[in-house]
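J.: So that we are looking at the same thing, I have put the structure below in structure tokens.
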Amino acid sequence: MAYQLLKYALGGEYKEPRFFRDCQTPKKSYDAVIIGGGGHGLAAAYYLAKDHGITNVAVLEKGYIGGGNTGRNTTIVRSNYLTPDGVNFYDASVKLFEGLSTELDINLFYSNRGHFTLAHSESAMRTMRWRAEVNKHVGVKSRVVGTDEIAKACPQMDLSCSGKSPIQGALYHEPGSIARHDAVAWGYARGADSMGVEIFQNTEVQGIDIKDGKVQGVHTSRGYILTGKVLSAVAGFTPRICKMVDLKTPIVIHPLQACVSEPMKPWLDTILVSGSLHVYVSQSSRGELVMGSSLDPYEFHSTRSTFDFVEGLTSHIVDMFPFLSNVKIVRQWAGMADITPDFAPIMGMTPIKGFYLDAGWGTWGFKATPISGKTMAHTLANDKAHDLIHSFRLSRFEEYELTGEKGAASVGH
Amino acid sequence: MKLLKCPINGTRPLSEFIFGGEWRDMPNPDTSSDLEWASYVHYRDNAPGIKKEWWYHSPSGTWFIAERNTLTDEVLATYLYSNPPATNVEEQSA
């Protein structure tokens, strides 16, 4: 057995092909340059090539692909938001996700689990009813359930939460799923690369040339690139890129932390979220409990993680599942979340011609990866915002037309 | 545990404080245009660096100003809005 394995490893016959070319020297010019090789940037590159035939595209990534917030989220995919615009947008994303393993020919381990948002108070129940009705209205499967149904789906949970904040009911969202987040980035990268898109890792953008209010080119650590279209898809680095083009936005950066437990046999089938306890938890295909909490309480441009976070999160997890008190936490990390005042993204055109934003993804970015890629590709190709993202435009703030999306994970009700 | 110095109550655990956002000059609401007011309310540069920020010490109800590096989380100075220090940030950190 060991010999067979060694022969296989050294044989070279079954060598895994590269997912994408190892690009080193950029061309002189591209039709479009995408800053940020995360899920969003790579998806935009993929759909630019696939839907619009624009393949002369460079993706510039400062680190390695999928190493930012794409690889730091808790991989939950859902569409049970509060505003009709939000629900429609995320529903389109869930539908793309459901067929994505086949389309990209990569196993995303997309696992439909069902998603419970727990309510511990009458006011939280009211929000759940509100969300359920909005969801049903636009055809998304969400409904309010009582404690009996929660107990049936997750018999291990202490419904009184150690007597501190008894659960009164929940919003149940059937399509709620989890997926392997790095595979999403790698799948899109391979798809885009196979159609001609060039992906440059370890390539930092140092400046963006603007003349007469129009993008001219991008200064990078691998030289100057001429282009008329730049898409910024850099999540927590958005303020730094926007500073290069002197664009102000309402985005504030807060760290968002998460952690995983040691692996266990499968016992948690569903995804559980509690706004009041600031907890979301699911069990990954590896058996680890993937746990997240609310944002760090103040602006900070760093991915450091803290003991305060683990202490606070695990005390709430143990309230819900007292039997986990001896389970160990094996990893913790943080991402830089780009938070907007109305908990909706900022997507589409900007006052600078040729500079497009895909930002403000705060705590809700991973689930939107396919649809943000598709709609941003459409926006770049046609130089006009896609209908689905009209309400997410940057100018909504000066037009006093904020979205009021309170279905975002970090919001306590 | 991270600590912050309240100008009234001295050094306290960070969990006693609430972040109030970046301090910015308020335009005159009576004379500013809708766009100027929207810019004041919403738009900011927010790239990392040394920022002047509002902080609130919750148990004592004290609002004060902190000068903080948002890239390294170093607090350079804290003081009451009505009582700014004579020295500026560059001199203090030098």
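Within each chain, counting starts at residue 1; across the structure tokens, chains are named A, B, ... in the order shown, with ligands numbered 1 upward in that order.
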Pick out the chain B residues within 6 Å of chain A. Count only C-alpha atoms. Give them as a count of residues only.
T.: 10
J.: Neighbouring residues of Trp55 in chain B were defined as those with any atom within 7 Å, considering only C-alpha atoms; residues of the same chain fewer than 6 positions away were excluded. Please report them as a ChimeraX atom specification.
T.: /B:17-20,63-66
J.: Just give me the gap between CA of Glu61 in chain A and CA of Thr203 in chain A in Å, one decimal is fine.
T.: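 So the answer is 5.4 Å.
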J.: Taking into account only C-alpha atoms, which residue in the set A:Gly207, A:Gly99, A:Gly39, A:Gly365 is nearest to Gly187 in chain A?
T.: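 Looking only at the distances to Gly187 in chain A, the closest residue turns out to be A:Gly39.
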J.: Could you give me, as a ChimeraX atom specification, each residue of chain B that DSSP assigns to alpha helix (DSSP H) when run on this structure's backbone?
T.: /B:34-42,89-93
J.: Please provide the set of residues having any atom within 12 Å of Ala334 in chain A, restricted to only C-alpha atoms, with same-chain residues fewer than 2 positions apart removed, written as a ChimeraX atom specification.
T.: /A:67-74,236,254-260,291-296,300-307,309-310,331-332,336-337,363
J.: Okay, now the selection with N, CA and C atoms, as an mmCIF file, in the first residue's frame?
T.:
```
data_model
loop_
_atom_site.group_PDB
_atom_site.id
_atom_site.type_symbol
_atom_site.label_atom_id
_atom_site.label_comp_id
_atom_site.auth_asym_id
_atom_site.auth_seq_id
_atom_site.Cartn_x
_atom_site.Cartn_y
_atom_site.Cartn_z
ATOM 1 N N GLY A 67 -6.835 34.137 -0.798
ATOM 2 C CA GLY A 67 -6.203 34.221 0.517
ATOM 3 C C GLY A 67 -6.758 35.331 1.396
ATOM 4 N N GLY A 68 -7.625 36.153 0.833
ATOM 5 C CA GLY A 68 -8.234 37.228 1.615
ATOM 6 C C GLY A 68 -9.537 36.751 2.226
ATOM 7 N N ASN A 69 -10.558 37.578 2.113
ATOM 8 C CA ASN A 69 -11.821 37.236 2.763
ATOM 9 C C ASN A 69 -12.505 36.018 2.141
ATOM 10 N N THR A 70 -12.130 35.673 0.893
ATOM 11 C CA THR A 70 -12.678 34.460 0.268
ATOM 12 C C THR A 70 -12.334 33.232 1.101
ATOM 13 N N GLY A 71 -11.126 33.208 1.656
ATOM 14 C CA GLY A 71 -10.713 32.059 2.454
ATOM 15 C C GLY A 71 -10.892 32.268 3.945
ATOM 16 N N ARG A 72 -11.581 33.338 4.347
ATOM 17 C CA ARG A 72 -11.679 33.663 5.777
ATOM 18 C C ARG A 72 -13.115 33.705 6.285
ATOM 19 N N ASN A 73 -14.079 33.462 5.397
ATOM 20 C CA ASN A 73 -15.483 33.543 5.821
ATOM 21 C C ASN A 73 -15.930 32.205 6.386
ATOM 22 N N THR A 74 -17.200 32.141 6.814
ATOM 23 C CA THR A 74 -17.714 30.896 7.389
ATOM 24 C C THR A 74 -18.577 30.135 6.382
ATOM 25 N N GLY A 236 -11.525 44.471 2.135
ATOM 26 C CA GLY A 236 -10.965 45.299 3.208
ATOM 27 C C GLY A 236 -9.909 46.298 2.758
ATOM 28 N N HIS A 254 -13.755 47.022 9.663
ATOM 29 C CA HIS A 254 -13.740 46.382 10.983
ATOM 30 C C HIS A 254 -13.215 44.953 10.818
ATOM 31 N N PRO A 255 -12.387 44.459 11.748
ATOM 32 C CA PRO A 255 -12.040 43.038 11.672
ATOM 33 C C PRO A 255 -13.278 42.187 11.972
ATOM 34 N N LEU A 256 -13.367 41.047 11.276
ATOM 35 C CA LEU A 256 -14.414 40.067 11.554
ATOM 36 C C LEU A 256 -13.701 38.748 11.823
ATOM 37 N N GLN A 257 -13.965 38.178 12.984
ATOM 38 C CA GLN A 257 -13.211 36.993 13.390
ATOM 39 C C GLN A 257 -14.040 35.721 13.292
ATOM 40 N N ALA A 258 -13.338 34.612 13.188
ATOM 41 C CA ALA A 258 -13.986 33.307 13.158
ATOM 42 C C ALA A 258 -13.020 32.279 13.730
ATOM 43 N N CYS A 259 -13.543 31.084 14.016
ATOM 44 C CA CYS A 259 -12.670 30.022 14.518
ATOM 45 C C CYS A 259 -13.291 28.664 14.212
ATOM 46 N N VAL A 260 -12.480 27.610 14.320
ATOM 47 C CA VAL A 260 -13.024 26.258 14.171
ATOM 48 C C VAL A 260 -12.610 25.392 15.353
ATOM 49 N N MET A 291 -17.302 28.514 13.346
ATOM 50 C CA MET A 291 -18.068 29.446 14.183
ATOM 51 C C MET A 291 -17.645 30.883 13.933
ATOM 52 N N GLY A 292 -18.634 31.746 13.850
ATOM 53 C CA GLY A 292 -18.343 33.160 13.660
ATOM 54 C C GLY A 292 -19.162 33.986 14.620
ATOM 55 N N SER A 293 -18.814 35.256 14.705
ATOM 56 C CA SER A 293 -19.495 36.137 15.638
ATOM 57 C C SER A 293 -19.718 37.487 14.973
ATOM 58 N N SER A 294 -20.026 38.492 15.779
ATOM 59 C CA SER A 294 -20.235 39.817 15.199
ATOM 60 C C SER A 294 -18.895 40.505 14.973
ATOM 61 N N LEU A 295 -18.964 41.668 14.364
ATOM 62 C CA LEU A 295 -17.764 42.427 14.036
ATOM 63 C C LEU A 295 -17.015 42.856 15.287
ATOM 64 N N ASP A 296 -15.708 43.053 15.140
ATOM 65 C CA ASP A 296 -14.964 43.738 16.202
ATOM 66 C C ASP A 296 -15.536 45.153 16.326
ATOM 67 N N PHE A 300 -10.370 49.047 12.384
ATOM 68 C CA PHE A 300 -9.012 48.561 12.520
ATOM 69 C C PHE A 300 -8.632 47.830 11.242
ATOM 70 N N HIS A 301 -7.517 48.235 10.629
ATOM 71 C CA HIS A 301 -7.104 47.635 9.352
ATOM 72 C C HIS A 301 -6.084 46.535 9.615
ATOM 73 N N SER A 302 -6.537 45.437 10.143
ATOM 74 C CA SER A 302 -5.613 44.351 10.472
ATOM 75 C C SER A 302 -6.365 43.026 10.531
ATOM 76 N N THR A 303 -5.626 41.930 10.365
ATOM 77 C CA THR A 303 -6.247 40.607 10.462
ATOM 78 C C THR A 303 -5.763 39.882 11.718
ATOM 79 N N ARG A 304 -5.448 40.636 12.756
ATOM 80 C CA ARG A 304 -5.088 39.991 14.018
ATOM 81 C C ARG A 304 -6.356 39.419 14.666
ATOM 82 N N SER A 305 -6.165 38.351 15.432
ATOM 83 C CA SER A 305 -7.324 37.808 16.145
ATOM 84 C C SER A 305 -7.082 37.938 17.641
ATOM 85 N N THR A 306 -8.170 37.852 18.421
ATOM 86 C CA THR A 306 -8.041 38.156 19.850
ATOM 87 C C THR A 306 -8.593 37.031 20.735
ATOM 88 N N PHE A 307 -8.109 36.994 21.946
ATOM 89 C CA PHE A 307 -8.639 36.048 22.931
ATOM 90 C C PHE A 307 -10.050 36.457 23.356
ATOM 91 N N PHE A 309 -12.369 37.549 21.619
ATOM 92 C CA PHE A 309 -13.337 37.001 20.671
ATOM 93 C C PHE A 309 -13.668 35.548 20.998
ATOM 94 N N VAL A 310 -12.623 34.719 21.160
ATOM 95 C CA VAL A 310 -12.858 33.291 21.412
ATOM 96 C C VAL A 310 -13.609 33.099 22.725
ATOM 97 N N ARG A 331 -8.249 26.540 15.539
ATOM 98 C CA ARG A 331 -7.739 27.656 14.728
ATOM 99 C C ARG A 331 -8.649 28.858 14.904
ATOM 100 N N GLN A 332 -8.064 30.048 14.875
ATOM 101 C CA GLN A 332 -8.860 31.255 14.803
ATOM 102 C C GLN A 332 -8.168 32.248 13.871
ATOM 103 N N MET A 336 -10.662 41.433 7.094
ATOM 104 C CA MET A 336 -11.017 42.850 7.188
ATOM 105 C C MET A 336 -12.321 43.075 6.442
ATOM 106 N N ALA A 337 -13.380 43.354 7.192
ATOM 107 C CA ALA A 337 -14.704 43.499 6.592
ATOM 108 C C ALA A 337 -14.951 44.971 6.249
ATOM 109 N N THR A 363 -19.919 41.555 5.936
ATOM 110 C CA THR A 363 -20.024 40.171 6.420
ATOM 111 C C THR A 363 -20.873 39.317 5.483
#
```
J.: Report, in Å with one decimal, the straight-line distance from CA of Lys52 in chain B to CA of Lys2 in chain B.
T.: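 So the answer is 18.9 Å.
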J.: Please determine, counting only C-alpha atoms, which residue among A:Glu198, A:Glu405, A:Asp182, A:Glu122 has the shortest atom-to-atom distance to Phe343 in chain A.
T.: A:Glu405
J.: For Gly217 in chain A, work out the shell of residues within 9 Å, counting only C-alpha atoms and skipping chain neighbours fewer than 3 positions away, then give it as a PyMOL selection string.
T.: chain A and resi 29+33+207-210+224-230
J.: Using Å and a single decimal, report how far CA of Ala45 in chain A sits from CA of Ala192 in chain A.
T.: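 Interatomic distance here is 6.0 Å.
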J.: Under the rule that only C-alpha atoms are counted, which of A:Ser93, A:Thr403, A:Asn382, A:Asn107 is the nearest residue to Trp186 in chain A?
T.: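 Checking each candidate against Trp186 in chain A, we get A:Asn107 as the closest.
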J.: Excluding Lys5 in chain B and any residue of its chain fewer than 4 positions from it, enumerate the residues within 10 Å of it, using only C-alpha atoms, and give them as a PyMOL selection string.
T.: chain B and resi 9-14+17+57+66+75+77-79
J.: Would you export the selected residues with C-alpha atoms as a PDB file, in the first residue's frame, please?
T.:
```pdb
ATOM      1  CA  ASN B   9     -11.290  58.039  34.772  1.00  0.00           C
ATOM      2  CA  GLY B  10      -7.798  56.948  33.771  1.00  0.00           C
ATOM      3  CA  THR B  11      -6.799  53.631  32.208  1.00  0.00           C
ATOM      4  CA  ARG B  12      -9.735  51.225  31.877  1.00  0.00           C
ATOM      5  CA  PRO B  13     -10.433  47.953  29.953  1.00  0.00           C
ATOM      6  CA  LEU B  14     -11.420  48.524  26.344  1.00  0.00           C
ATOM      7  CA  PHE B  17     -15.572  51.961  25.770  1.00  0.00           C
ATOM      8  CA  HIS B  57     -16.535  55.742  28.265  1.00  0.00           C
ATOM      9  CA  ALA B  66      -8.600  59.656  20.854  1.00  0.00           C
ATOM     10  CA  VAL B  75      -3.352  55.194  20.756  1.00  0.00           C
ATOM     11  CA  ALA B  77      -3.353  60.610  22.866  1.00  0.00           C
ATOM     12  CA  THR B  78      -6.748  60.875  24.524  1.00  0.00           C
ATOM     13  CA  TYR B  79      -8.282  64.132  25.699  1.00  0.00           C
TER      14      TYR B  79
END
```
J.: If we count only C-alpha atoms, what is near Gln24 in chain A at a cut-off of 9 Å, once residues fewer than 3 positions away on the same chain are taken out, given as a ChimeraX atom specification?
T.: /A:199-201,222
J.: Do a neighbour search on Tyr90 in chain A at 9 Å with only C-alpha atoms, toss out local chain neighbours closer than 2 positions, and write the hits as an mmCIF file with C-alpha atoms, in the first residue's frame.
T.:
```cif
data_model
loop_
_atom_site.group_PDB
_atom_site.id
_atom_site.type_symbol
_atom_site.label_atom_id
_atom_site.label_comp_id
_atom_site.auth_asym_id
_atom_site.auth_seq_id
_atom_site.Cartn_x
_atom_site.Cartn_y
_atom_site.Cartn_z
ATOM 1 C CA VAL A 77 -24.803 30.645 1.386
ATOM 2 C CA ARG A 78 -28.370 31.919 1.880
ATOM 3 C CA SER A 79 -30.828 34.462 0.553
ATOM 4 C CA ASN A 80 -33.192 35.145 3.493
ATOM 5 C CA TYR A 81 -32.558 38.884 3.594
ATOM 6 C CA ASP A 85 -33.724 44.026 -3.626
ATOM 7 C CA GLY A 86 -31.431 42.093 -1.289
ATOM 8 C CA VAL A 87 -33.510 38.904 -1.442
ATOM 9 C CA ASN A 88 -33.686 38.975 -5.265
ATOM 10 C CA ALA A 92 -29.917 34.754 -7.968
ATOM 11 C CA SER A 93 -26.591 33.944 -6.291
ATOM 12 C CA VAL A 94 -27.938 30.821 -4.553
ATOM 13 C CA LYS A 95 -29.305 29.584 -7.896
ATOM 14 C CA LYS A 367 -22.618 34.074 -0.627
ATOM 15 C CA ALA A 368 -22.745 36.740 -3.350
ATOM 16 C CA ILE A 371 -23.888 36.896 -8.802
#
```
